[in-house]
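Listing of coords23.csv; format and content: CSV, C-alpha atoms.
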```csv
chain,number,residue,atom,x,y,z
A,1,LEU,CA,-4.2,-45.2,17.0
A,2,CYS,CA,-1.0,-43.3,17.3
A,3,ASP,CA,1.0,-46.3,16.0
A,4,ARG,CA,-1.3,-46.2,12.9
A,5,LYS,CA,-0.8,-42.4,12.6
A,6,GLN,CA,-4.4,-41.8,13.3
A,7,TYR,CA,-3.6,-38.9,15.5
A,8,GLU,CA,-6.9,-36.9,15.5
A,9,PRO,CA,-9.0,-39.8,16.9
A,10,ALA,CA,-6.2,-40.6,19.3
A,11,VAL,CA,-6.4,-37.0,20.6
A,12,SER,CA,-10.2,-37.4,21.2
A,13,CYS,CA,-9.7,-40.7,23.1
A,14,LEU,CA,-6.9,-39.4,25.2
A,15,GLU,CA,-8.7,-36.2,26.1
A,16,ARG,CA,-11.6,-38.2,27.3
A,17,CYS,CA,-9.2,-40.5,29.3
A,18,VAL,CA,-7.6,-37.4,30.9
A,19,ALA,CA,-11.0,-35.9,31.7
A,20,LEU,CA,-12.2,-39.0,33.4
A,21,ARG,CA,-9.1,-39.4,35.5
A,22,GLU,CA,-9.2,-35.8,36.5
A,23,GLN,CA,-12.8,-36.2,37.6
A,24,ALA,CA,-12.0,-39.3,39.6
A,25,ALA,CA,-8.6,-38.4,41.2
A,26,GLY,CA,-8.0,-34.7,40.7
A,27,PRO,CA,-5.8,-32.8,38.3
A,28,HIS,CA,-2.4,-33.8,39.9
A,29,HIS,CA,-2.8,-37.5,40.4
A,30,GLN,CA,0.0,-39.7,39.2
A,31,SER,CA,-2.3,-41.7,37.0
A,32,LEU,CA,-2.5,-38.7,34.6
A,33,ALA,CA,1.2,-38.6,33.8
A,34,SER,CA,1.1,-41.4,31.2
A,35,PRO,CA,-2.0,-40.3,29.2
A,36,LEU,CA,-0.7,-36.7,29.2
A,37,ARG,CA,2.5,-38.0,27.6
A,38,LYS,CA,0.5,-40.0,25.1
A,39,LEU,CA,-1.7,-36.9,24.4
A,40,ALA,CA,1.5,-34.9,23.7
A,41,ASP,CA,2.7,-37.6,21.3
A,42,ALA,CA,-0.6,-37.4,19.4
A,43,HIS,CA,-0.3,-33.6,19.1
A,44,TYR,CA,3.4,-34.0,18.0
A,45,GLY,CA,2.1,-36.3,15.2
A,46,LEU,CA,-0.2,-33.5,14.1
A,47,ASP,CA,2.7,-31.0,14.1
A,48,GLN,CA,1.1,-29.1,17.1
A,49,TYR,CA,4.4,-28.7,19.0
A,50,GLU,CA,3.4,-25.9,21.4
A,51,THR,CA,0.4,-28.0,22.5
A,52,ALA,CA,2.6,-31.1,22.9
A,53,GLN,CA,5.0,-29.1,25.0
A,54,GLN,CA,2.3,-27.9,27.4
A,55,TYR,CA,1.1,-31.5,28.0
A,56,LEU,CA,4.6,-32.7,28.5
A,57,GLN,CA,5.4,-30.0,31.0
A,58,ARG,CA,2.3,-31.0,32.9
A,59,SER,CA,3.2,-34.7,32.8
A,60,LEU,CA,6.7,-33.9,34.0
A,61,ALA,CA,5.3,-31.9,36.9
A,62,ILE,CA,3.1,-34.8,38.0
A,63,GLU,CA,6.0,-37.3,37.6
A,64,THR,CA,8.2,-35.1,39.8
A,65,ARG,CA,5.5,-34.6,42.4
A,66,SER,CA,4.7,-38.3,42.5
A,67,HIS,CA,8.1,-40.1,42.1
A,68,GLY,CA,10.7,-37.3,42.4
A,69,PRO,CA,12.7,-35.5,39.8
A,70,ARG,CA,15.0,-38.5,39.0
A,71,SER,CA,12.4,-41.1,38.1
A,72,SER,CA,12.3,-43.1,34.9
A,73,GLY,CA,9.0,-41.4,34.0
A,74,ALA,CA,10.6,-38.0,34.4
A,75,ALA,CA,13.4,-39.1,32.0
A,76,TRP,CA,10.8,-40.0,29.4
A,77,CYS,CA,9.2,-36.6,29.7
A,78,HIS,CA,12.6,-34.8,29.4
A,79,ARG,CA,13.3,-37.0,26.3
A,80,ASP,CA,10.0,-36.1,24.7
A,81,LEU,CA,10.5,-32.4,25.5
A,82,TYR,CA,13.8,-32.5,23.8
A,83,HIS,CA,12.2,-33.7,20.5
A,84,VAL,CA,9.4,-31.1,20.8
A,85,LEU,CA,11.8,-28.2,21.4
A,86,ARG,CA,14.0,-29.3,18.5
A,87,GLN,CA,11.0,-29.0,16.2
A,88,LEU,CA,10.5,-25.5,17.7
A,89,ASP,CA,14.1,-24.6,16.9
A,90,ARG,CA,14.7,-24.0,20.6
A,91,ASP,CA,18.0,-26.0,20.6
A,92,LYS,CA,19.5,-24.7,23.9
A,93,GLU,CA,16.4,-25.7,25.8
A,94,ALA,CA,16.3,-29.0,24.0
A,95,LEU,CA,19.9,-29.7,25.0
A,96,HIS,CA,19.0,-29.1,28.6
A,97,HIS,CA,16.2,-31.7,28.5
A,98,ALA,CA,18.4,-34.2,26.6
A,99,ARG,CA,21.1,-33.9,29.3
A,100,SER,CA,18.5,-34.3,32.0
A,101,ALA,CA,17.2,-37.5,30.5
A,102,LEU,CA,20.7,-38.8,30.1
A,103,SER,CA,21.6,-38.0,33.7
A,104,ILE,CA,18.5,-39.7,35.1
A,105,ARG,CA,18.9,-42.8,32.9
A,106,GLU,CA,22.6,-43.2,33.9
A,107,GLN,CA,21.5,-43.1,37.5
A,108,VAL,CA,18.5,-45.4,37.1
A,109,HIS,CA,19.9,-48.0,34.6
A,110,GLY,CA,23.7,-47.6,34.8
A,111,PRO,CA,26.1,-46.4,32.2
A,112,ALA,CA,25.8,-49.4,29.8
A,113,HIS,CA,22.1,-49.4,28.9
A,114,ARG,CA,20.3,-49.0,25.6
A,115,LEU,CA,18.3,-46.0,26.9
A,116,VAL,CA,21.6,-44.3,27.9
A,117,ALA,CA,22.9,-44.8,24.4
A,118,TYR,CA,19.7,-43.3,23.0
A,119,SER,CA,20.0,-40.2,25.2
A,120,LEU,CA,23.7,-39.8,24.3
A,121,GLY,CA,22.6,-39.7,20.7
A,122,ASP,CA,20.0,-37.0,21.6
A,123,VAL,CA,22.6,-34.9,23.4
A,124,ALA,CA,25.0,-35.3,20.4
A,125,ASP,CA,22.3,-34.2,18.0
A,126,ALA,CA,21.6,-31.1,20.0
A,127,LEU,CA,25.3,-30.3,20.3
A,128,ARG,CA,25.7,-30.6,16.6
A,129,GLU,CA,22.8,-28.2,16.0
A,130,LEU,CA,24.5,-25.7,18.3
A,131,GLU,CA,27.8,-26.2,16.5
A,132,HIS,CA,29.5,-27.6,19.6
A,133,LEU,CA,31.2,-30.1,17.3
A,134,GLU,CA,34.1,-31.3,19.5
A,135,GLU,CA,31.7,-32.1,22.3
A,136,ALA,CA,29.3,-33.8,19.9
A,137,VAL,CA,32.2,-36.0,18.7
A,138,SER,CA,33.0,-37.0,22.2
A,139,THR,CA,29.3,-37.8,23.0
A,140,CYS,CA,28.8,-39.8,19.8
A,141,GLY,CA,31.9,-41.8,20.7
A,142,ARG,CA,30.4,-42.6,24.1
A,143,ALA,CA,27.2,-43.8,22.5
A,144,ALA,CA,29.0,-46.0,20.0
A,145,ASP,CA,31.0,-47.6,23.0
A,146,VAL,CA,27.8,-48.3,24.9
A,147,TYR,CA,26.2,-50.0,21.8
A,148,ARG,CA,29.3,-52.1,21.3
A,149,GLN,CA,29.3,-53.2,25.0
A,150,LEU,CA,25.7,-54.3,24.5
A,151,GLY,CA,26.5,-56.2,21.3
A,152,LEU,CA,24.4,-53.8,19.2
A,153,ASP,CA,27.0,-53.5,16.4
A,154,ASP,CA,24.5,-52.1,13.8
A,155,GLU,CA,23.5,-49.3,16.2
A,156,ALA,CA,27.2,-48.6,16.8
A,157,THR,CA,27.8,-48.4,13.0
A,158,LYS,CA,25.0,-45.9,12.6
A,159,VAL,CA,26.7,-43.7,15.2
A,160,ASP,CA,30.0,-44.1,13.4
A,161,LEU,CA,28.4,-42.7,10.3
A,162,GLU,CA,27.2,-39.7,12.4
A,163,LEU,CA,30.7,-39.3,13.6
A,164,ALA,CA,32.0,-39.3,10.1
A,165,GLU,CA,29.6,-36.4,9.3
A,166,LEU,CA,30.9,-34.5,12.3
A,167,TYR,CA,34.5,-35.0,11.2
A,168,VAL,CA,33.5,-33.6,7.8
A,169,LYS,CA,32.3,-30.5,9.5
A,170,LEU,CA,35.5,-30.3,11.6
A,171,LYS,CA,37.4,-30.4,8.3
A,172,GLN,CA,39.1,-33.7,9.2
A,173,PRO,CA,38.5,-35.5,5.9
A,174,GLN,CA,40.9,-38.4,6.5
A,175,ARG,CA,39.2,-39.4,9.7
A,176,ALA,CA,35.8,-39.0,8.0
A,177,GLU,CA,36.8,-41.2,5.1
A,178,GLU,CA,38.1,-43.9,7.4
A,179,LEU,CA,34.9,-44.0,9.4
A,180,PHE,CA,32.7,-44.1,6.2
A,181,GLN,CA,34.7,-47.0,4.8
A,182,GLN,CA,35.0,-48.9,8.1
A,183,SER,CA,31.2,-48.7,8.5
A,184,ILE,CA,30.5,-50.0,5.0
A,185,ASP,CA,33.1,-52.8,5.4
A,186,ALA,CA,31.6,-53.8,8.8
A,187,LEU,CA,28.1,-54.0,7.4
A,188,ARG,CA,29.3,-56.1,4.4
A,189,ARG,CA,31.3,-58.4,6.5
A,190,LYS,CA,28.3,-59.7,8.3
A,191,GLY,CA,27.4,-61.9,5.4
A,192,ARG,CA,23.8,-61.0,5.6
A,193,GLN,CA,21.4,-59.7,2.9
A,194,PRO,CA,21.9,-56.0,2.1
A,195,ASP,CA,19.7,-53.8,4.2
A,196,ARG,CA,18.8,-50.1,4.7
A,197,THR,CA,21.6,-49.5,7.1
A,198,LEU,CA,24.2,-50.4,4.4
A,199,GLY,CA,22.2,-48.3,1.9
A,200,ASP,CA,22.4,-45.3,4.2
A,201,ALA,CA,26.2,-45.8,4.7
A,202,LEU,CA,26.8,-46.0,0.9
A,203,ASP,CA,24.6,-43.0,0.3
A,204,SER,CA,26.3,-40.9,2.9
A,205,PHE,CA,29.8,-41.7,1.6
A,206,ALA,CA,28.6,-40.9,-1.9
A,207,ASP,CA,27.3,-37.5,-0.7
A,208,TYR,CA,30.7,-36.9,0.9
A,209,TRP,CA,32.5,-37.4,-2.4
A,210,SER,CA,29.9,-35.5,-4.4
A,211,SER,CA,30.1,-32.5,-2.2
A,212,ARG,CA,33.9,-32.4,-3.0
A,213,GLY,CA,33.3,-32.6,-6.7
A,214,GLN,CA,34.6,-36.1,-6.8
A,215,LEU,CA,31.8,-37.3,-9.0
A,216,VAL,CA,33.6,-40.4,-10.5
A,217,ARG,CA,34.1,-41.6,-6.9
A,218,ALA,CA,30.6,-40.8,-5.9
A,219,ARG,CA,28.8,-42.5,-8.8
A,220,PRO,CA,29.5,-46.2,-7.9
A,221,LEU,CA,28.5,-45.5,-4.3
A,222,TYR,CA,25.2,-43.9,-5.3
A,223,GLU,CA,24.6,-46.8,-7.6
A,224,GLN,CA,25.4,-49.4,-4.9
A,225,ALA,CA,23.1,-47.5,-2.5
A,226,LEU,CA,20.3,-47.6,-5.0
A,227,ALA,CA,20.8,-51.3,-5.7
A,228,THR,CA,20.9,-51.9,-1.9
A,229,TYR,CA,17.6,-50.0,-1.3
A,230,GLU,CA,16.0,-51.7,-4.2
A,231,SER,CA,16.9,-55.1,-2.8
A,232,CYS,CA,15.2,-54.5,0.6
A,233,LEU,CA,12.5,-51.8,0.0
A,234,PRO,CA,9.6,-51.3,-2.4
A,235,ARG,CA,10.7,-49.9,-5.8
A,236,ASP,CA,8.7,-46.7,-5.1
A,237,HIS,CA,10.0,-46.1,-1.6
A,238,ALA,CA,10.9,-42.6,-0.7
A,239,TRP,CA,14.5,-43.5,0.1
A,240,ILE,CA,15.0,-44.7,-3.4
A,241,GLY,CA,13.7,-41.3,-4.6
A,242,PHE,CA,16.4,-39.6,-2.4
A,243,VAL,CA,19.2,-41.5,-4.1
A,244,LEU,CA,17.7,-40.9,-7.6
A,245,HIS,CA,17.5,-37.2,-6.7
A,246,SER,CA,21.3,-37.2,-6.2
A,247,LEU,CA,22.1,-39.5,-9.2
A,248,GLY,CA,20.2,-37.5,-11.8
A,249,PRO,CA,22.3,-34.3,-11.5
A,250,LEU,CA,25.5,-36.4,-11.1
A,251,TYR,CA,24.8,-38.2,-14.4
A,252,ASN,CA,24.1,-34.8,-16.0
A,253,GLU,CA,27.5,-33.5,-14.9
A,254,LEU,CA,29.2,-36.6,-16.3
A,255,GLY,CA,27.4,-36.1,-19.6
A,256,LEU,CA,25.4,-39.3,-19.1
A,257,TYR,CA,22.1,-37.7,-20.2
A,258,GLU,CA,20.1,-40.9,-21.0
A,259,LEU,CA,20.9,-42.2,-17.5
A,260,ALA,CA,20.1,-38.8,-16.0
A,261,GLU,CA,16.7,-38.6,-17.7
A,262,ALA,CA,15.8,-42.1,-16.5
A,263,ALA,CA,16.8,-41.3,-12.9
A,264,HIS,CA,14.9,-38.0,-12.9
A,265,ARG,CA,11.7,-39.5,-14.5
A,266,ARG,CA,11.6,-42.2,-11.8
A,267,ASN,CA,12.2,-39.6,-9.1
A,268,VAL,CA,9.3,-37.5,-10.4
A,269,ALA,CA,7.1,-40.6,-10.2
A,270,ILE,CA,8.1,-41.4,-6.6
A,271,LYS,CA,7.9,-37.8,-5.5
A,272,SER,CA,4.4,-37.4,-7.1
A,273,GLN,CA,3.2,-40.5,-5.3
A,274,HIS,CA,4.6,-39.7,-1.9
A,275,ASP,CA,4.4,-35.9,-1.8
A,276,GLY,CA,1.8,-34.9,-4.4
A,277,ARG,CA,1.9,-31.3,-5.7
A,278,LYS,CA,4.5,-30.0,-3.2
A,279,ALA,CA,7.8,-28.2,-3.7
A,280,VAL,CA,9.9,-31.4,-3.6
A,281,THR,CA,7.9,-32.7,-6.6
A,282,ALA,CA,8.3,-29.4,-8.4
A,283,GLU,CA,12.1,-29.6,-7.9
A,284,ALA,CA,12.1,-33.1,-9.3
A,285,ILE,CA,10.2,-32.0,-12.4
A,286,ASN,CA,12.4,-28.9,-12.8
A,287,ASN,CA,15.5,-31.2,-12.7
A,288,LEU,CA,14.0,-33.4,-15.4
A,289,GLY,CA,13.5,-30.3,-17.5
A,290,VAL,CA,17.1,-29.3,-17.1
A,291,THR,CA,18.2,-32.7,-18.4
A,292,LEU,CA,15.9,-32.4,-21.5
A,293,ILE,CA,17.4,-29.1,-22.3
A,294,ARG,CA,20.8,-30.8,-22.4
A,295,ARG,CA,19.3,-33.4,-24.7
A,296,ALA,CA,18.0,-30.6,-27.0
A,297,ARG,CA,14.4,-31.4,-26.3
A,298,TYR,CA,13.4,-27.8,-25.6
A,299,HIS,CA,9.6,-28.0,-26.1
A,300,GLU,CA,9.3,-30.9,-23.6
A,301,ALA,CA,11.5,-29.1,-21.2
A,302,LEU,CA,9.4,-25.9,-21.4
A,303,GLU,CA,6.3,-27.8,-20.5
A,304,LEU,CA,8.0,-29.3,-17.5
A,305,PHE,CA,9.2,-25.9,-16.3
A,306,ARG,CA,5.7,-24.6,-16.6
A,307,GLU,CA,4.4,-27.4,-14.5
A,308,ALA,CA,7.1,-26.9,-11.9
A,309,GLN,CA,6.3,-23.2,-11.8
A,310,GLN,CA,2.6,-23.9,-11.2
A,311,ILE,CA,3.3,-26.2,-8.3
A,312,TYR,CA,5.7,-23.7,-6.7
A,313,ASP,CA,3.2,-21.0,-7.1
A,314,ASP,CA,0.4,-23.1,-5.6
A,315,CYS,CA,2.8,-23.7,-2.6
A,316,GLY,CA,3.8,-20.0,-2.3
A,317,ASN,CA,7.4,-21.1,-2.8
A,318,PRO,CA,9.9,-18.5,-4.2
A,319,ASP,CA,11.6,-21.2,-6.2
A,320,ALA,CA,9.0,-20.5,-8.8
A,321,ALA,CA,11.5,-18.0,-10.1
A,322,LEU,CA,13.9,-20.8,-10.9
A,323,ALA,CA,11.3,-22.5,-13.0
A,324,ILE,CA,10.6,-19.2,-14.8
A,325,GLU,CA,14.3,-18.6,-15.4
A,326,ASN,CA,14.6,-22.1,-16.8
A,327,GLN,CA,11.7,-21.4,-19.2
A,328,GLY,CA,13.9,-18.5,-20.3
A,329,HIS,CA,16.7,-20.9,-21.0
A,330,ALA,CA,14.4,-23.1,-23.1
A,331,PHE,CA,13.1,-20.1,-25.1
A,332,LEU,CA,16.7,-19.0,-25.7
A,333,ASN,CA,17.7,-22.4,-27.1
A,334,LEU,CA,14.6,-22.2,-29.3
A,335,GLY,CA,15.8,-18.8,-30.7
A,336,ASP,CA,12.9,-16.8,-29.1
A,337,PHE,CA,14.9,-14.0,-27.6
A,338,HIS,CA,11.9,-11.9,-26.8
A,339,GLN,CA,10.3,-14.7,-24.6
A,340,ALA,CA,13.7,-15.5,-23.1
A,341,GLN,CA,14.1,-11.9,-22.0
A,342,ARG,CA,10.6,-11.6,-20.6
A,343,HIS,CA,11.1,-14.8,-18.5
A,344,TYR,CA,14.5,-13.7,-17.3
A,345,ARG,CA,13.1,-10.3,-16.2
A,346,GLN,CA,10.2,-11.9,-14.5
A,347,ALA,CA,12.5,-14.3,-12.6
A,348,TRP,CA,14.8,-11.3,-11.6
A,349,LYS,CA,11.9,-9.3,-10.2
A,350,GLN,CA,10.4,-12.2,-8.3
A,351,ARG,CA,13.8,-13.0,-6.8
A,352,GLU,CA,14.5,-9.4,-5.9
A,353,ALA,CA,11.2,-9.3,-4.0
A,354,ALA,CA,11.8,-12.6,-2.3
A,355,TYR,CA,15.5,-12.4,-1.4
A,356,GLY,CA,16.7,-8.8,-1.8
A,357,GLU,CA,18.6,-7.1,-4.5
A,358,ASN,CA,22.0,-8.3,-3.4
A,359,SER,CA,21.2,-12.0,-3.1
A,360,PRO,CA,22.9,-14.8,-5.1
A,361,GLU,CA,19.6,-15.6,-6.6
A,362,VAL,CA,19.2,-12.1,-8.1
A,363,ALA,CA,22.8,-12.3,-9.4
A,364,SER,CA,21.9,-15.5,-11.3
A,365,SER,CA,19.0,-13.8,-13.0
A,366,LEU,CA,21.1,-10.8,-13.9
A,367,ALA,CA,23.8,-13.2,-15.3
A,368,SER,CA,21.1,-14.8,-17.5
A,369,LEU,CA,20.0,-11.3,-18.8
A,370,SER,CA,23.6,-10.4,-19.4
A,371,GLY,CA,24.2,-13.5,-21.4
A,372,LEU,CA,21.1,-12.9,-23.5
A,373,SER,CA,22.3,-9.4,-24.3
A,374,SER,CA,25.6,-10.8,-25.4
A,375,ARG,CA,24.0,-13.3,-27.7
A,376,GLN,CA,21.7,-10.7,-29.1
A,377,GLY,CA,24.7,-8.5,-29.8
A,378,ARG,CA,26.3,-11.3,-31.8
A,379,ARG,CA,23.3,-11.8,-34.0
```
Represent the structure of the file as structure tokens.
Amino acid sequence: LCDRKQYEPAVSCLERCVALREQAAGPHHQSLASPLRKLADAHYGLDQYETAQQYLQRSLAIETRSHGPRSSGAAWCHRDLYHVLRQLDRDKEALHHARSALSIREQVHGPAHRLVAYSLGDVADALRELEHLEEAVSTCGRAADVYRQLGLDDEATKVDLELAELYVKLKQPQRAEELFQQSIDALRRKGRQPDRTLGDALDSFADYWSSRGQLVRARPLYEQALATYESCLPRDHAWIGFVLHSLGPLYNELGLYELAEAAHRRNVAIKSQHDGRKAVTAEAINNLGVTLIRRARYHEALELFREAQQIYDDCGNPDAALAIENQGHAFLNLGDFHQAQRHYRQAWKQREAAYGENSPEVASSLASLSGLSSRQGRR
């Protein structure tokens, strides 16, 4: 049931299993460790992380009592606690459990084992969250070495991509660029059909160039990532939407508005299918509206901004103010200065309430109002 993401019926089954074993063998019997871990996994799937933590701690206590603190079962408990605590933003505790799992697995399986590489990855992720970047680089390097010793080159390449991201944060762009390109070249040299790993590598390298304002260099990488995903995933897959989400604004900045509109429309369709009326869908709709303003289709853009605002409002998301401000832009381009001013003021007040009067968001609204006043003064 958990494999099918049917978590609620899984919880019912597992609670019954635990109750029966407690009745038969007592609350501390070793037979309870496994179903308690599975019960935690089901609650994790339901985003009930505190409950999952409680079951995992109980499972760990039983494993420790039955097999000692350095057993394989204890390592699995530590690993699962790491993931739960990451979701709870308790990164220091998560790092402790990741390191515990790693230490046990190195002792049980030896240093060159797949589970050891997994745990090295967990430790590196926790270190990155805590901004211990140099140590994260070292740990990622160890994980890549283990994967290569095991002949798992694809897994090693994925770690290399994570290393590239770390070098970006460490402001070592040359090393980052080398790793991005090496990873892409390694994946292409295999002579196999394009797959998601190659798509991820291309998308990450494109993000790197885009974040540096190098849009001409980013564009072909995004387009190659999109083509790669399309060759191995359904055309409405969420990952395709992620690339389209990046491509649309990039096309806008390059003045390729027809391509931008097509990318945004397809992204809206994918987001609507996968996420429904959520903030990510509103963002996609809002981005499409921005493109239509650049194409001088102001009435269409206005309707899209209104739709985005409604979704944001339904979600209680403060980005509703962005959609309101964009409605002001549409009215301004239509020559309706009164409506433009009204929407700019509404966006300003909402942002001030949400973010504080000195926030960049409020500054954006004030800039819009100032620009409107200047245009009115030139009339």
Selected residue, from A:Ser183, A:Asp153, A:Asp91, A:Val290, that lies nearest to A:Arg128 when counting only C-alpha atoms:
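Using only C-alpha atoms, A:Arg128 sits closest to A:Asp91.
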Determine, counting all atoms listed in the file, which protein, DNA and RNA residues have an atom within 10 Å of an atom of A:His43; residues of the same chain fewer than 6 positions away are not included. Present the result as an NGL selection string.
:A and (2 or 7-8 or 10-11 or 37 or 49-53 or 55)
Find the residues around A:Leu161 up to 12 Å (all atoms listed in the file counted), leave out those fewer than 4 positions away in its own chain, and share them as a VMD selection string.
chain A and resid 137 140 to 141 144 154 to 157 165 to 168 175 to 184 186 to 187 197 to 205 208
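Of the listed residues (A:Asn286, A:Asp185, A:Ala279, A:Glu131), A:Asn286 comes nearest to A:His264; the distances count all atoms listed in the file.
Comparing the minimum interatomic distances between A:Ala262 and each of A:Thr281, A:Gln30, A:Thr139, A:Thr291, counting only C-alpha atoms, we find that A:Thr291 sits nearest.
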Show which residues sit within 9 Å of A:Trp239, as JSON, numbers by chain. Count all atoms listed in the file, and ignore same-chain residues fewer than 5 positions away.
{"A": [226, 229, 233, 244]}
So how many Å separate atom CA of A:Ser59 and atom CA of A:Arg99, to one decimal?
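Atom-to-atom, atom CA of A:Ser59 and atom CA of A:Arg99 are spaced 18.3 Å apart.
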Please, what distance in Å, to one decimal, runs between atom CA of A:Glu129 and atom CA of A:Asp47?
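Going from atom CA of A:Glu129 over to atom CA of A:Asp47 covers 20.4 Å.
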Fewer than 6 positions away in the same chain doesn't count, so skip those; otherwise give me all residues within 12 Å of A:Ala323, counting only C-alpha atoms, as an MDAnalysis selection string.
chainID A and resid 279 282:290 301:313 317 329:330 343:344 346:348 350:351 365
Residues near A:Leu372, anyone? I mean within 8 Å using all atoms listed in the file, not counting same-chain ones fewer than 5 positions away, as a PyMOL selection string.
chain A and resi 332+337+340-341
Write out, as a PDB file, keeping the file's coordinate frame, the residues just selected, with C-alpha atoms.
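Result went into again.pdb, see below:
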```
ATOM      1  CA  LEU A 332      16.700 -19.000 -25.700  1.00  0.00           C
ATOM      2  CA  PHE A 337      14.900 -14.000 -27.600  1.00  0.00           C
ATOM      3  CA  ALA A 340      13.700 -15.500 -23.100  1.00  0.00           C
ATOM      4  CA  GLN A 341      14.100 -11.900 -22.000  1.00  0.00           C
TER       5      GLN A 341
END
```
